file final32.cif (mmCIF, C-alpha atoms)
data_data
loop_
_atom_site.label_atom_id
_atom_site.label_comp_id
_atom_site.auth_asym_id
_atom_site.auth_seq_id
_atom_site.Cartn_x
_atom_site.Cartn_y
_atom_site.Cartn_z
CA MET B 24 0.00 0.00 0.00
CA ASN B 25 1.58 3.27 -1.11
CA ASP B 26 0.99 6.59 0.62
CA ASP B 27 -1.65 7.73 -1.88
CA ASP B 28 -3.60 4.53 -1.39
CA MET B 29 -3.31 4.83 2.35
CA VAL B 30 -4.86 8.31 2.43
CA LEU B 31 -7.69 7.24 0.12
CA LEU B 32 -8.45 4.06 2.06
CA VAL B 33 -8.49 5.92 5.36
CA ALA B 34 -10.83 8.56 3.92
CA LEU B 35 -13.18 5.78 2.77
CA ASP B 36 -12.92 3.89 6.09
CA ALA B 37 -11.93 0.96 3.90
CA LEU B 38 -9.26 -0.61 6.11
CA PRO B 39 -9.72 -3.15 8.90
CA GLY B 40 -9.72 -1.56 12.34
CA ASP B 41 -6.13 -2.32 13.34
CA GLU B 42 -4.70 -1.19 9.98
CA LEU B 43 -6.87 1.91 10.03
CA ALA B 44 -5.54 3.00 13.40
CA SER B 45 -1.88 2.64 12.37
CA ALA B 46 -2.49 4.29 8.99
CA GLU B 47 -4.14 7.26 10.71
CA ARG B 48 -1.23 7.64 13.07
CA ALA B 49 1.15 7.70 10.10
CA ILE B 50 -0.97 10.29 8.27
CA GLY B 51 -1.36 12.38 11.39
CA ALA B 52 2.39 12.72 11.64
CA ASP B 53 2.70 14.07 8.08
CA PRO B 54 1.14 17.52 7.55
CA GLN B 55 0.94 17.09 3.77
CA ARG B 56 -0.82 13.74 3.97
CA ARG B 57 -3.08 15.06 6.68
CA ALA B 58 -4.10 17.95 4.44
CA GLU B 59 -4.82 15.47 1.63
CA LEU B 60 -6.97 13.42 3.97
CA ASP B 61 -8.91 16.48 5.07
CA GLU B 62 -9.54 17.45 1.46
CA LEU B 63 -10.69 13.95 0.49
CA ARG B 64 -13.08 13.91 3.41
CA ALA B 65 -14.50 17.24 2.29
CA VAL B 66 -15.08 15.78 -1.18
CA LEU B 67 -16.66 12.64 0.28
CA SER B 68 -19.01 14.76 2.34
CA VAL B 69 -20.69 15.56 -0.98
CA LEU B 70 -21.82 11.93 -1.05
CA ALA B 71 -23.13 12.34 2.48
CA GLU B 72 -25.04 15.51 1.62
CA ALA B 73 -26.69 13.73 -1.30
CA GLU B 74 -28.36 11.30 1.10
CA ALA B 75 -29.68 13.77 3.70
CA ALA B 76 -32.99 12.52 5.07
CA SER B 77 -35.31 13.44 7.92
CA PRO B 78 -34.75 11.25 10.98
CA PRO B 79 -37.81 10.10 12.92
CA PRO B 80 -39.00 13.02 15.09
CA GLN B 81 -38.71 11.00 18.32
CA LEU B 82 -34.97 10.53 17.81
CA ARG B 83 -34.37 14.15 18.79
CA ALA B 84 -35.73 13.53 22.28
CA ARG B 85 -33.55 10.46 22.74
CA VAL B 86 -30.41 12.26 21.63
CA LEU B 87 -31.02 15.30 23.83
CA ALA B 88 -31.81 13.07 26.81
CA ALA B 89 -28.65 11.04 26.19
CA VAL B 90 -26.33 14.02 26.51
CA GLU B 91 -28.26 15.76 29.27
CA ARG B 92 -25.94 14.65 32.03
CA MET B 93 -23.05 13.48 29.93
CA PRO B 94 -19.70 15.16 30.56
CA GLN B 95 -17.69 16.46 27.65
CA ASP B 96 -14.13 15.57 26.79
CA LEU B 97 -11.69 18.37 27.27
CA PRO B 98 -8.07 18.19 26.19
CA ALA B 99 -5.97 17.99 29.33
CA ASN B 100 -2.21 18.25 29.47
CA GLY B 101 -1.99 17.89 25.73
CA SER B 102 -3.71 14.54 25.54
CA LEU B 103 -7.18 13.62 24.44
CA ALA B 104 -9.43 11.64 26.68
CA PRO B 105 -10.11 8.22 25.16
CA PRO B 106 -13.56 7.76 23.74
CA VAL B 107 -16.03 6.10 26.04
CA PRO B 108 -17.25 2.82 24.55
CA LEU B 109 -20.94 3.04 23.84
CA GLU B 110 -23.11 0.28 25.08
CA GLY B 111 -23.88 -2.19 22.35
CA ARG B 112 -21.47 -0.62 19.91
CA PRO B 113 -19.27 -3.03 17.99
CA ALA B 114 -15.90 -1.55 18.84
CA LEU B 115 -14.11 -2.69 15.72
CA THR B 116 -12.56 0.68 15.15
CA VAL B 117 -11.28 3.01 17.80
CA ILE B 118 -12.17 6.58 16.99
CA GLU B 119 -9.31 8.69 18.14
CA GLY B 120 -9.16 12.43 18.35
CA ASN B 121 -6.73 12.94 15.51
CA ASP B 122 -8.64 10.64 13.17
CA LEU B 123 -11.69 12.70 12.50
CA GLY B 124 -10.75 16.31 12.11
CA LEU B 125 -10.28 17.00 15.79
CA ARG B 126 -7.47 18.97 17.28
CA ALA B 127 -4.66 16.49 17.44
CA PRO B 128 -2.11 16.64 20.22
CA VAL B 129 0.38 14.46 18.37
CA VAL B 130 0.82 17.01 15.62
CA ARG B 131 -0.15 20.17 17.43
CA ARG B 132 2.55 22.61 18.30
CA SER B 133 2.06 23.65 21.86
CA SER B 134 1.58 27.37 22.10
CA ARG B 135 0.52 29.77 24.77
CA SER B 136 -2.38 31.04 22.76
CA ARG B 137 -3.75 27.56 22.10
CA SER B 138 -3.36 26.41 25.66
CA GLY B 139 -4.93 29.69 26.74
CA LEU B 140 -7.82 28.96 24.45
CA LEU B 141 -8.25 25.54 25.95
CA THR B 142 -8.15 26.95 29.44
CA LEU B 143 -10.78 29.45 28.44
CA SER B 144 -12.80 26.66 26.91
CA ALA B 145 -12.63 24.66 30.11
CA ALA B 146 -13.57 27.74 32.11
CA ALA B 147 -16.45 28.46 29.77
CA ALA B 148 -17.65 24.90 30.16
CA MET B 149 -17.58 25.28 33.92
CA VAL B 150 -19.49 28.57 33.73
CA ALA B 151 -22.04 26.92 31.44
CA LEU B 152 -22.34 24.01 33.82
CA VAL B 153 -23.00 26.27 36.78
CA ALA B 154 -25.39 28.41 34.75
CA GLY B 155 -27.17 25.28 33.62
CA LEU B 156 -27.59 24.10 37.18
CA VAL B 157 -28.90 27.49 38.24
CA ALA B 158 -31.32 27.50 35.30
CA TRP B 159 -32.40 23.98 36.15
CA PHE B 160 -33.24 24.92 39.70
CA ALA B 161 -35.04 28.03 38.53
CA LEU B 162 -37.04 26.25 35.85
CA GLY B 163 -40.74 26.84 36.13
CA ARG B 164 -40.46 29.99 38.19
CA SER B 165 -39.36 32.44 35.54
CA SER B 166 -41.89 34.01 33.23
CA GLY B 167 -39.32 35.62 30.93
CA GLU B 168 -39.69 34.92 27.24
CA SER B 169 -36.13 33.73 26.94
CA ASP B 170 -36.81 31.14 29.61
CA GLU B 171 -39.92 30.04 27.78
CA ILE B 172 -37.96 29.72 24.56
CA ALA B 173 -35.27 27.69 26.32
CA ALA B 174 -37.87 25.45 27.91
CA VAL B 175 -39.29 24.57 24.50
CA ILE B 176 -35.99 24.12 22.69
CA GLU B 177 -34.45 22.01 25.43
CA ASN B 178 -37.58 19.97 26.01
CA PRO B 179 -36.60 16.36 25.23
CA ALA B 180 -40.08 15.73 23.87
CA ALA B 181 -39.85 18.59 21.36
CA GLU B 182 -40.01 17.85 17.65
CA THR B 183 -38.62 19.86 14.78
CA ILE B 184 -40.46 20.92 11.65
CA ASN B 185 -38.07 22.09 8.95
CA LEU B 186 -39.22 24.75 6.51
CA THR B 187 -37.42 24.82 3.18
CA GLY B 188 -37.54 26.93 0.08
CA ASP B 189 -35.69 29.95 -1.23
CA VAL B 190 -34.67 30.71 2.35
CA ASP B 191 -33.15 27.78 4.19
CA GLY B 192 -32.43 27.58 7.89
CA ILE B 193 -35.92 28.08 9.35
CA ARG B 194 -37.46 25.49 11.66
CA VAL B 195 -40.24 25.31 14.21
CA VAL B 196 -39.47 23.45 17.42
CA HIS B 197 -42.71 22.24 18.92
CA VAL B 198 -43.75 20.28 22.00
CA PRO B 199 -46.37 17.75 20.80
CA GLY B 200 -49.71 17.88 22.57
CA SER B 201 -49.27 21.54 23.44
CA ASP B 202 -49.46 24.95 21.81
CA GLU B 203 -45.84 25.64 22.75
CA ALA B 204 -43.45 26.28 19.88
CA VAL B 205 -40.43 28.34 18.99
CA LEU B 206 -39.46 29.48 15.53
CA VAL B 207 -35.70 29.29 15.02
CA GLY B 208 -33.83 30.82 12.10
CA ASP B 209 -30.14 30.40 11.33
CA ALA B 210 -28.21 32.83 9.15
CA LEU B 211 -31.32 34.21 7.49
CA PRO B 212 -30.95 36.92 4.88
CA ASP B 213 -32.18 40.39 5.73
CA PRO B 214 -35.78 40.59 4.45
CA GLY B 215 -35.09 44.12 3.21
CA ASP B 216 -35.88 47.65 4.34
CA GLU B 217 -39.37 48.07 5.70
CA ARG B 218 -39.93 44.31 5.30
CA THR B 219 -40.31 41.52 7.79
CA TYR B 220 -40.73 37.75 7.87
CA GLN B 221 -44.04 36.30 8.96
CA LEU B 222 -45.05 32.77 9.96
CA TRP B 223 -48.35 31.34 8.71
CA PHE B 224 -50.40 28.36 9.81
CA LEU B 225 -51.83 26.48 6.82
CA SER B 226 -54.98 25.40 8.58
CA GLY B 227 -58.11 26.86 7.01
CA ALA B 228 -59.09 27.96 3.53
CA THR B 229 -56.52 30.74 3.77
CA PRO B 230 -53.27 30.86 5.75
CA ALA B 231 -53.71 32.11 9.31
CA PRO B 232 -51.21 34.81 10.36
CA SER B 233 -48.77 34.10 13.17
CA GLU B 234 -45.55 35.64 14.43
CA VAL B 235 -43.69 38.46 12.69
CA PHE B 236 -39.93 38.36 13.02
CA ARG B 237 -36.70 39.89 11.78
CA PRO B 238 -33.31 38.23 12.22
CA GLY B 239 -30.52 39.93 14.12
CA GLY B 240 -27.33 41.14 12.53
CA ASP B 241 -25.94 37.62 12.34
CA GLY B 242 -29.12 36.36 10.66
CA ASP B 243 -30.20 34.33 13.70
CA VAL B 244 -33.59 34.57 15.35
CA GLU B 245 -35.58 32.74 18.01
CA VAL B 246 -39.17 33.73 18.60
CA LEU B 247 -41.83 32.24 20.83
CA VAL B 248 -44.89 31.28 18.77
CA ASP B 249 -48.12 32.10 20.56
CA ASP B 250 -51.03 29.67 20.18
CA PHE B 251 -49.15 27.32 17.89
CA ASP B 252 -51.60 25.29 15.80
CA GLU B 253 -50.25 21.76 15.81
CA GLN B 254 -53.24 20.58 13.79
CA ALA B 255 -52.33 22.75 10.81
CA ARG B 256 -51.65 21.01 7.49
CA GLY B 257 -48.37 22.86 7.25
CA TYR B 258 -46.45 26.02 8.02
CA ALA B 259 -45.03 28.71 5.79
CA VAL B 260 -42.97 31.87 6.04
CA SER B 261 -43.39 34.85 3.76
CA THR B 262 -41.88 38.30 3.57
CA GLU B 263 -44.36 41.05 4.37
CA PRO B 264 -44.37 44.81 4.89
CA ALA B 265 -43.01 45.87 8.28
CA GLY B 266 -45.48 44.98 11.00
CA GLY B 267 -46.84 41.98 9.15
CA SER B 268 -50.08 41.32 7.29
CA ASN B 269 -53.43 39.69 7.92
CA GLU B 270 -53.14 37.72 4.70
CA VAL B 271 -50.17 36.69 2.61
CA THR B 272 -49.12 39.55 0.36
CA GLY B 273 -45.45 38.77 -0.24
CA GLY B 274 -43.67 35.74 -1.56
CA ILE B 275 -43.58 32.48 0.38
CA VAL B 276 -39.87 31.89 1.07
CA ALA B 277 -40.07 28.66 3.08
CA MET B 278 -42.66 25.97 3.75
CA SER B 279 -42.90 22.70 5.64
CA GLY B 280 -42.86 19.52 3.58
CA MET K 30 -32.15 38.90 -1.40
CA GLU K 31 -28.61 37.99 -0.45
CA THR K 32 -28.09 34.37 0.42
CA PRO K 33 -25.88 33.89 3.47
CA ASN K 34 -23.63 30.91 4.03
CA ARG K 35 -25.85 28.54 5.98
CA HIS K 36 -22.86 26.52 7.06
CA ASP K 37 -21.91 29.43 9.29
CA SER K 38 -24.69 28.49 11.69
CA ALA K 39 -23.15 25.09 12.44
CA GLU K 40 -19.77 26.69 13.01
CA ARG K 41 -21.26 29.17 15.46
CA LEU K 42 -23.27 26.50 17.26
CA ILE K 43 -20.31 24.16 17.73
CA ALA K 44 -18.46 26.85 19.63
CA ARG K 45 -21.35 27.15 22.07
CA VAL K 46 -21.72 23.38 22.31
CA ALA K 47 -18.03 23.20 23.18
CA ALA K 48 -18.83 25.40 26.17
CA GLY K 49 -21.48 22.94 27.33
CA ASP K 50 -24.50 24.80 25.95
CA GLN K 51 -27.25 22.18 25.61
CA ARG K 52 -29.59 24.57 23.88
CA ALA K 53 -26.97 25.14 21.19
CA PHE K 54 -26.60 21.36 20.97
CA ALA K 55 -30.32 21.05 20.28
CA GLY K 56 -29.87 23.59 17.49
CA LEU K 57 -26.86 21.73 16.14
CA TYR K 58 -28.86 18.51 16.15
CA ASP K 59 -31.56 20.18 14.07
CA VAL K 60 -28.98 21.42 11.58
CA LEU K 61 -26.97 18.19 11.28
CA ALA K 62 -29.47 15.40 11.93
CA PRO K 63 -30.61 14.96 8.31
CA LEU K 64 -26.99 14.69 7.18
CA VAL K 65 -25.98 12.22 9.90
CA PHE K 66 -29.11 10.11 9.72
CA GLY K 67 -28.98 10.10 5.91
CA VAL K 68 -25.46 8.68 5.87
CA ALA K 69 -26.26 6.10 8.54
CA ARG K 70 -29.42 4.95 6.81
CA ARG K 71 -27.75 4.72 3.41
CA VAL K 72 -24.78 2.72 4.69
CA ILE K 73 -26.56 0.53 7.24
CA ARG K 74 -29.91 0.18 5.47
CA ASP K 75 -31.70 -0.91 8.64
CA PRO K 76 -33.62 2.15 9.93
CA ALA K 77 -33.53 1.09 13.59
CA GLN K 78 -29.76 0.61 13.54
CA ALA K 79 -29.37 3.86 11.62
CA GLU K 80 -31.16 5.64 14.47
CA GLU K 81 -28.86 4.04 17.02
CA VAL K 82 -25.78 5.08 15.07
CA THR K 83 -27.15 8.60 14.64
CA GLN K 84 -27.46 8.80 18.41
CA GLU K 85 -23.90 7.55 18.82
CA VAL K 86 -22.64 10.17 16.38
CA PHE K 87 -24.33 13.00 18.26
CA ILE K 88 -22.96 11.74 21.55
CA GLU K 89 -19.54 11.83 19.93
CA VAL K 90 -20.21 15.37 18.70
CA TRP K 91 -21.28 16.46 22.18
CA ARG K 92 -18.28 14.90 23.88
CA SER K 93 -15.71 16.04 21.34
CA ALA K 94 -17.02 19.51 20.49
CA ALA K 95 -14.25 21.27 22.41
CA MET K 96 -11.66 19.46 20.33
CA PHE K 97 -13.20 20.20 16.94
CA ASP K 98 -10.60 21.91 14.77
CA PRO K 99 -12.15 24.31 12.23
CA GLU K 100 -8.85 24.49 10.39
CA ARG K 101 -9.20 20.86 9.39
CA ALA K 102 -12.84 20.57 8.41
CA SER K 103 -16.22 22.24 8.36
CA VAL K 104 -18.63 21.05 11.02
CA ARG K 105 -20.71 19.30 8.36
CA THR K 106 -17.69 17.46 6.96
CA TRP K 107 -16.64 16.50 10.48
CA ALA K 108 -20.10 15.16 11.31
CA ALA K 109 -20.31 13.29 8.00
CA THR K 110 -16.90 11.73 8.67
CA ILE K 111 -17.93 10.50 12.12
CA ALA K 112 -21.24 9.26 10.76
CA HIS K 113 -19.59 7.30 7.99
CA ARG K 114 -17.02 5.75 10.31
CA ARG K 115 -19.62 4.71 12.84
CA SER K 116 -21.88 3.36 10.14
CA VAL K 117 -19.16 1.31 8.51
CA ASP K 118 -18.20 -0.01 11.94
CA ARG K 119 -21.76 -1.07 12.46
CA VAL K 120 -22.16 -2.92 9.18
CA ARG K 121 -18.88 -4.70 9.75
CA SER K 122 -19.99 -6.12 13.04
CA GLU K 123 -20.59 -9.80 12.70
CA GLN K 124 -24.35 -9.90 12.86
CA SER K 125 -24.94 -6.86 10.69
CA GLU K 126 -22.52 -8.12 8.10
CA ARG K 127 -24.37 -11.42 7.87
CA ASP K 128 -27.75 -9.73 7.50
CA ARG K 129 -26.41 -7.27 5.02
CA ARG K 130 -24.81 -9.86 2.78
CA THR K 131 -28.15 -11.58 2.58
CA GLN K 132 -29.70 -8.35 1.41
CA LEU K 133 -26.88 -7.58 -1.00
CA ALA K 134 -27.19 -10.97 -2.61
CA THR K 135 -30.75 -10.27 -3.55
CA ARG K 136 -30.42 -6.90 -5.17
CA ASP K 137 -28.30 -4.90 -7.56
CA VAL K 138 -26.36 -1.77 -6.73
CA ASP K 139 -28.81 1.06 -6.31
CA PRO K 140 -27.22 4.50 -6.13
CA SER K 141 -30.57 6.21 -5.61
CA PRO K 142 -32.50 6.48 -2.35
CA ALA K 143 -35.02 3.77 -1.58
CA VAL K 144 -38.54 4.34 -2.88
CA GLY K 145 -40.81 5.86 -0.28
CA ASP K 146 -38.03 7.37 1.77
CA VAL K 147 -38.68 10.83 3.10
CA ILE K 148 -35.97 12.95 1.55
CA ILE K 149 -35.29 16.51 2.53
CA GLU K 150 -34.83 18.77 -0.44
CA ARG K 151 -32.12 21.09 0.68
CA ALA K 152 -29.81 23.28 -1.33
CA ASP K 153 -26.79 21.21 -0.28
CA GLN K 154 -28.53 18.03 -1.34
CA ARG K 155 -29.59 19.34 -4.71
CA THR K 156 -26.07 20.56 -5.42
CA ALA K 157 -24.57 17.25 -4.34
CA ALA K 158 -27.00 15.22 -6.43
CA GLU K 159 -26.21 17.35 -9.44
CA ALA K 160 -22.47 16.84 -8.96
CA LEU K 161 -22.97 13.08 -8.65
CA SER K 162 -25.00 13.02 -11.84
CA LYS K 163 -21.97 14.36 -13.72
CA LEU K 164 -19.88 11.29 -12.92
CA SER K 165 -19.55 8.52 -15.44
CA GLY K 166 -21.51 5.36 -14.73
CA VAL K 167 -18.45 3.34 -13.70
CA GLN K 168 -17.12 6.14 -11.48
CA ARG K 169 -20.42 6.49 -9.70
CA GLU K 170 -20.73 2.73 -9.32
CA ALA K 171 -17.27 2.47 -7.75
CA LEU K 172 -17.94 5.35 -5.35
CA VAL K 173 -21.33 3.95 -4.38
CA LEU K 174 -19.77 0.62 -3.47
CA ALA K 175 -16.83 2.21 -1.65
CA TYR K 176 -18.67 4.90 0.29
CA TYR K 177 -22.27 3.84 0.69
CA GLU K 178 -21.75 0.08 0.79
CA GLY K 179 -18.53 0.29 2.81
CA LEU K 180 -16.78 -2.31 0.67
CA THR K 181 -12.99 -2.54 0.51
CA GLN K 182 -11.43 -1.96 -2.89
CA GLN K 183 -10.62 -5.66 -3.13
CA GLU K 184 -14.24 -6.49 -2.47
CA ILE K 185 -15.31 -4.00 -5.14
CA ALA K 186 -12.90 -5.58 -7.64
CA GLU K 187 -14.35 -9.00 -6.95
CA ARG K 188 -17.89 -7.73 -7.07
CA LEU K 189 -17.41 -6.01 -10.42
CA ASP K 190 -14.95 -8.57 -11.73
CA VAL K 191 -12.39 -5.94 -12.70
CA PRO K 192 -8.71 -5.57 -11.70
CA LEU K 193 -7.95 -3.84 -8.40
CA GLY K 194 -6.08 -1.08 -10.22
CA THR K 195 -9.19 -0.31 -12.25
CA VAL K 196 -11.22 0.12 -9.08
CA LYS K 197 -8.63 2.53 -7.66
CA THR K 198 -8.61 4.54 -10.86
CA ARG K 199 -12.39 4.80 -11.00
CA VAL K 200 -12.65 5.87 -7.37
CA ARG K 201 -9.86 8.41 -7.69
CA ASP K 202 -11.14 9.86 -10.96
CA GLY K 203 -14.65 10.06 -9.55
CA LEU K 204 -13.47 11.91 -6.47
CA GLU K 205 -11.36 14.28 -8.57
CA ARG K 206 -14.34 15.09 -10.75
CA LEU K 207 -16.47 15.70 -7.67
CA ARG K 208 -13.79 17.94 -6.22
CA GLN K 209 -13.71 20.03 -9.39
CA ARG K 210 -17.51 20.21 -9.57
CA MET K 211 -18.01 21.22 -5.99
CA GLY K 212 -15.03 23.54 -5.67
CA VAL K 213 -14.53 21.81 -2.36
CA ASN K 214 -13.23 23.67 0.58
CA ARG K 215 -13.02 22.10 3.95
#
call {"tool": "encode", "arguments": {"input": "final32.cif", "output": "structure tokens"}}
result
Amino acid sequence: MNDDDMVLLVALDALPGDELASAERAIGADPQRRAELDELRAVLSVLAEAEAASPPPQLRARVLAAVERMPQDLPANGSLAPPVPLEGRPALTVIEGNDLGLRAPVVRRSSRSRSGLLTLSAAAAMVALVAGLVAWFALGRSSGESDEIAAVIENPAAETINLTGDVDGIRVVHVPGSDEAVLVGDALPDPGDERTYQLWFLSGATPAPSEVFRPGGDGDVEVLVDDFDEQARGYAVSTEPAGGSNEVTGGIVAMSG
Amino acid sequence: METPNRHDSAERLIARVAAGDQRAFAGLYDVLAPLVFGVARRVIRDPAQAEEVTQEVFIEVWRSAAMFDPERASVRTWAATIAHRRSVDRVRSEQSERDRRTQLATRDVDPSPAVGDVIIERADQRTAAEALSKLSGVQREALVLAYYEGLTQQEIAERLDVPLGTVKTRVRDGLERLRQRMGVNR
């Protein structure tokens, strides 16, 4: 097996577990080969994108519940914590930090800035942990909208409805059996001067108006949806004049499937 | 209307996930789940096992977020890489391999999604499908067997009854054409 073959076979996960681990160590020690591997993986991700498919809605709850109390790995003293074997997982291949595009201590030059970053990361994780505990104890007592939004998004029972179209990145996170929902937008384009986005429930003969929203400077938005209609046939977002409309007047930019 | 780079959202979320932000993790799940589940389902075929592997991948993402290196890959590429590795691991386990061989023996190579599957029409997916359609038949066949079926190159050579060198050439040429089509950056 020459070096070119080795990089290709590693990218395709086409080696037996023991050979894969040694090949990855060899590639990790060679910056040029490592760059080739990273590029091949980027190309192969095209094949992954081509197969994107909606997972069952209930999987979200299981995944969120699984990580709820799970600690995170943090690089310590320049070494990565070994992966924790998952119950029932056939451990034919050990997934190591430097295998899969993670920061790799074996090839990383130690530097003050990087170690400072890691320290900050660890500190941030601790702050988040404490904040999370505080929020957990306070849950149910706050009436702030941000708390309500968090309660919906973090609810393990919540399901996600993706809206697609000319504008991607809009989804409605909804708690089944309730009228609680949050509209989330990632990296949305500015709807234009004197324009706004508006959510619609496709429930009756004509779309019923719901929340009006504009993304922040980074294009992100989270808005609590009042009286969410979970019985609607679908959901759509249009652009409307500032302040919103009682019926759709602008173009529909995203709709549920 | 200017179209922003949607991939930015995953990059922003991973930084918050690395700090232990579970709400950001929920957002990252929403952004990445179709990609991860799609890979797992395509490689493993069995929907229940694909769900299990998807969960494993996201646990890996949660645990390793602080070590993600944006200089080496985009978040989507990173997630796809983990998903593929976990999926191939799964199908190579003894029981899955036996079941899968039974299925493989009864059907031809099918590079298209199974009939009736719920497929998300996303911009990334449309672009990827278009790039794949530009490959020659033999290139696409070799890549399907190598990536989606998780076969070794020797196994592909035996399956197609062509020399090993021919398999390597088809896979390499196919990837090169994809790279040119997609203008891949990490």
call {"tool": "closest_residue", "arguments": {"input": "final32.cif", "among": "K:Glu184, K:Ala77, K:Ala109, K:Glu40", "to": "chain B", "atoms": "all atoms listed in the file"}}
result
K:Ala109
call {"tool": "resolve_selection", "arguments": {"input": "final32.cif", "expression": "the PyMOL selection byres ((chain B and resi 53-63) around 7)", "output": "PyMOL selection string"}}
result
(chain B and resi 30+34+49-52+64-67) or (chain K and resi 101-102+215)
call {"tool": "resolve_selection", "arguments": {"input": "final32.cif", "expression": "the PyMOL selection byres ((chain K and resi 201-212) around 8)", "output": "ChimeraX atom specification"}}
result
/B:63,66-67,69 /K:157,160-161,164-165,168-169,172,197-200,213-214
call {"tool": "residues_around", "arguments": {"input": "final32.cif", "residues": "Thr83 of chain K", "least_positions_apart": "5", "cutoff": "9 Å", "atoms": "only C-alpha atoms", "output": "list in words"}}
result
Pro78, Leu82 and Val86 of chain B; Ala62, Val65, Phe66, Val68, Ala69, Arg70, Gln78, Ile88, Ala112, Arg115 and Ser116 of chain K
call {"tool": "write_last_selection", "arguments": {"input": "final32.cif", "atoms": "C-alpha atoms", "output": "PDB file, in the frame of the given file"}}
result
ATOM      1  CA  PRO B  78     -34.750  11.250  10.980  1.00  0.00           C
ATOM      2  CA  LEU B  82     -34.970  10.530  17.810  1.00  0.00           C
ATOM      3  CA  VAL B  86     -30.410  12.260  21.630  1.00  0.00           C
TER       4      VAL B  86
ATOM      5  CA  ALA K  62     -29.470  15.400  11.930  1.00  0.00           C
ATOM      6  CA  VAL K  65     -25.980  12.220   9.900  1.00  0.00           C
ATOM      7  CA  PHE K  66     -29.110  10.110   9.720  1.00  0.00           C
ATOM      8  CA  VAL K  68     -25.460   8.680   5.870  1.00  0.00           C
ATOM      9  CA  ALA K  69     -26.260   6.100   8.540  1.00  0.00           C
ATOM     10  CA  ARG K  70     -29.420   4.950   6.810  1.00  0.00           C
ATOM     11  CA  GLN K  78     -29.760   0.610  13.540  1.00  0.00           C
ATOM     12  CA  ILE K  88     -22.960  11.740  21.550  1.00  0.00           C
ATOM     13  CA  ALA K 112     -21.240   9.260  10.760  1.00  0.00           C
ATOM     14  CA  ARG K 115     -19.620   4.710  12.840  1.00  0.00           C
ATOM     15  CA  SER K 116     -21.880   3.360  10.140  1.00  0.00           C
TER      16      SER K 116
END
call {"tool": "resolve_selection", "arguments": {"input": "final32.cif", "expression": "the PyMOL selection byres ((chain K and resi 41) around 12)", "output": "list of chain:residue names"}}
result
B:Asp209, B:Ala210, B:Asp241, B:Gly242, B:Asp243, K:Asn34, K:Arg35, K:His36, K:Asp37, K:Ser38, K:Ala39, K:Glu40, K:Leu42, K:Ile43, K:Ala44, K:Arg45, K:Val46, K:Ala47, K:Ala48, K:Asp50, K:Ala53, K:Phe54, K:Gly56, K:Leu57, K:Val60, K:Ala94, K:Pro99, K:Ser103, K:Val104
call {"tool": "closest_residue", "arguments": {"input": "final32.cif", "among": "K:Arg188, K:Val86, K:Asp75, K:Arg114", "to": "chain B", "atoms": "only C-alpha atoms"}}
result
K:Arg114
call {"tool": "residues_near_point", "arguments": {"input": "final32.cif", "point": "(-34.2, 25.4, 11.3)", "cutoff": "12 Å", "atoms": "all atoms listed in the file", "output": "PyMOL selection string"}}
result
(chain B and resi 176+182-188+190-197+205-211+243-245+277-279) or (chain K and resi 35+38-39+55-63+151)
call {"tool": "atom_distance", "arguments": {"input": "final32.cif", "atom1": "atom CA of Leu180 of chain K", "atom2": "atom CA of Glu159 of chain K"}}
result
24.0 Å
call {"tool": "residues_near_point", "arguments": {"input": "final32.cif", "point": "(-25.4, 14.1, 23.8)", "cutoff": "10 Å", "atoms": "all atoms listed in the file", "output": "PyMOL selection string"}}
result
(chain B and resi 85-95) or (chain K and resi 51+54-55+58+84-92)
call {"tool": "atom_distance", "arguments": {"input": "final32.cif", "atom1": "atom CA of Thr195 of chain K", "atom2": "atom CA of Leu38 of chain B"}}
result
18.4 Å
call {"tool": "atom_distance", "arguments": {"input": "final32.cif", "atom1": "atom CA of Glu170 of chain K", "atom2": "atom CA of Ile185 of chain K"}}
result
9.6 Å
call {"tool": "closest_residue", "arguments": {"input": "final32.cif", "among": "B:Pro179, B:Gly240, B:Gly167, B:Pro212", "to": "chain K", "atoms": "all atoms listed in the file"}}
result
B:Pro212
call {"tool": "closest_residue", "arguments": {"input": "final32.cif", "among": "B:Gly200, B:Pro214, B:Gly257, B:Pro80", "to": "chain K", "atoms": "only C-alpha atoms"}}
result
B:Pro214
call {"tool": "closest_residue", "arguments": {"input": "final32.cif", "among": "K:Val72, K:Met96, K:Lys163, K:Gly194", "to": "chain B", "atoms": "all atoms listed in the file"}}
result
K:Met96
call {"tool": "closest_residue", "arguments": {"input": "final32.cif", "among": "B:Glu47, B:Leu70, B:Gly274, B:Val198", "to": "chain K", "atoms": "only C-alpha atoms"}}
result
B:Leu70
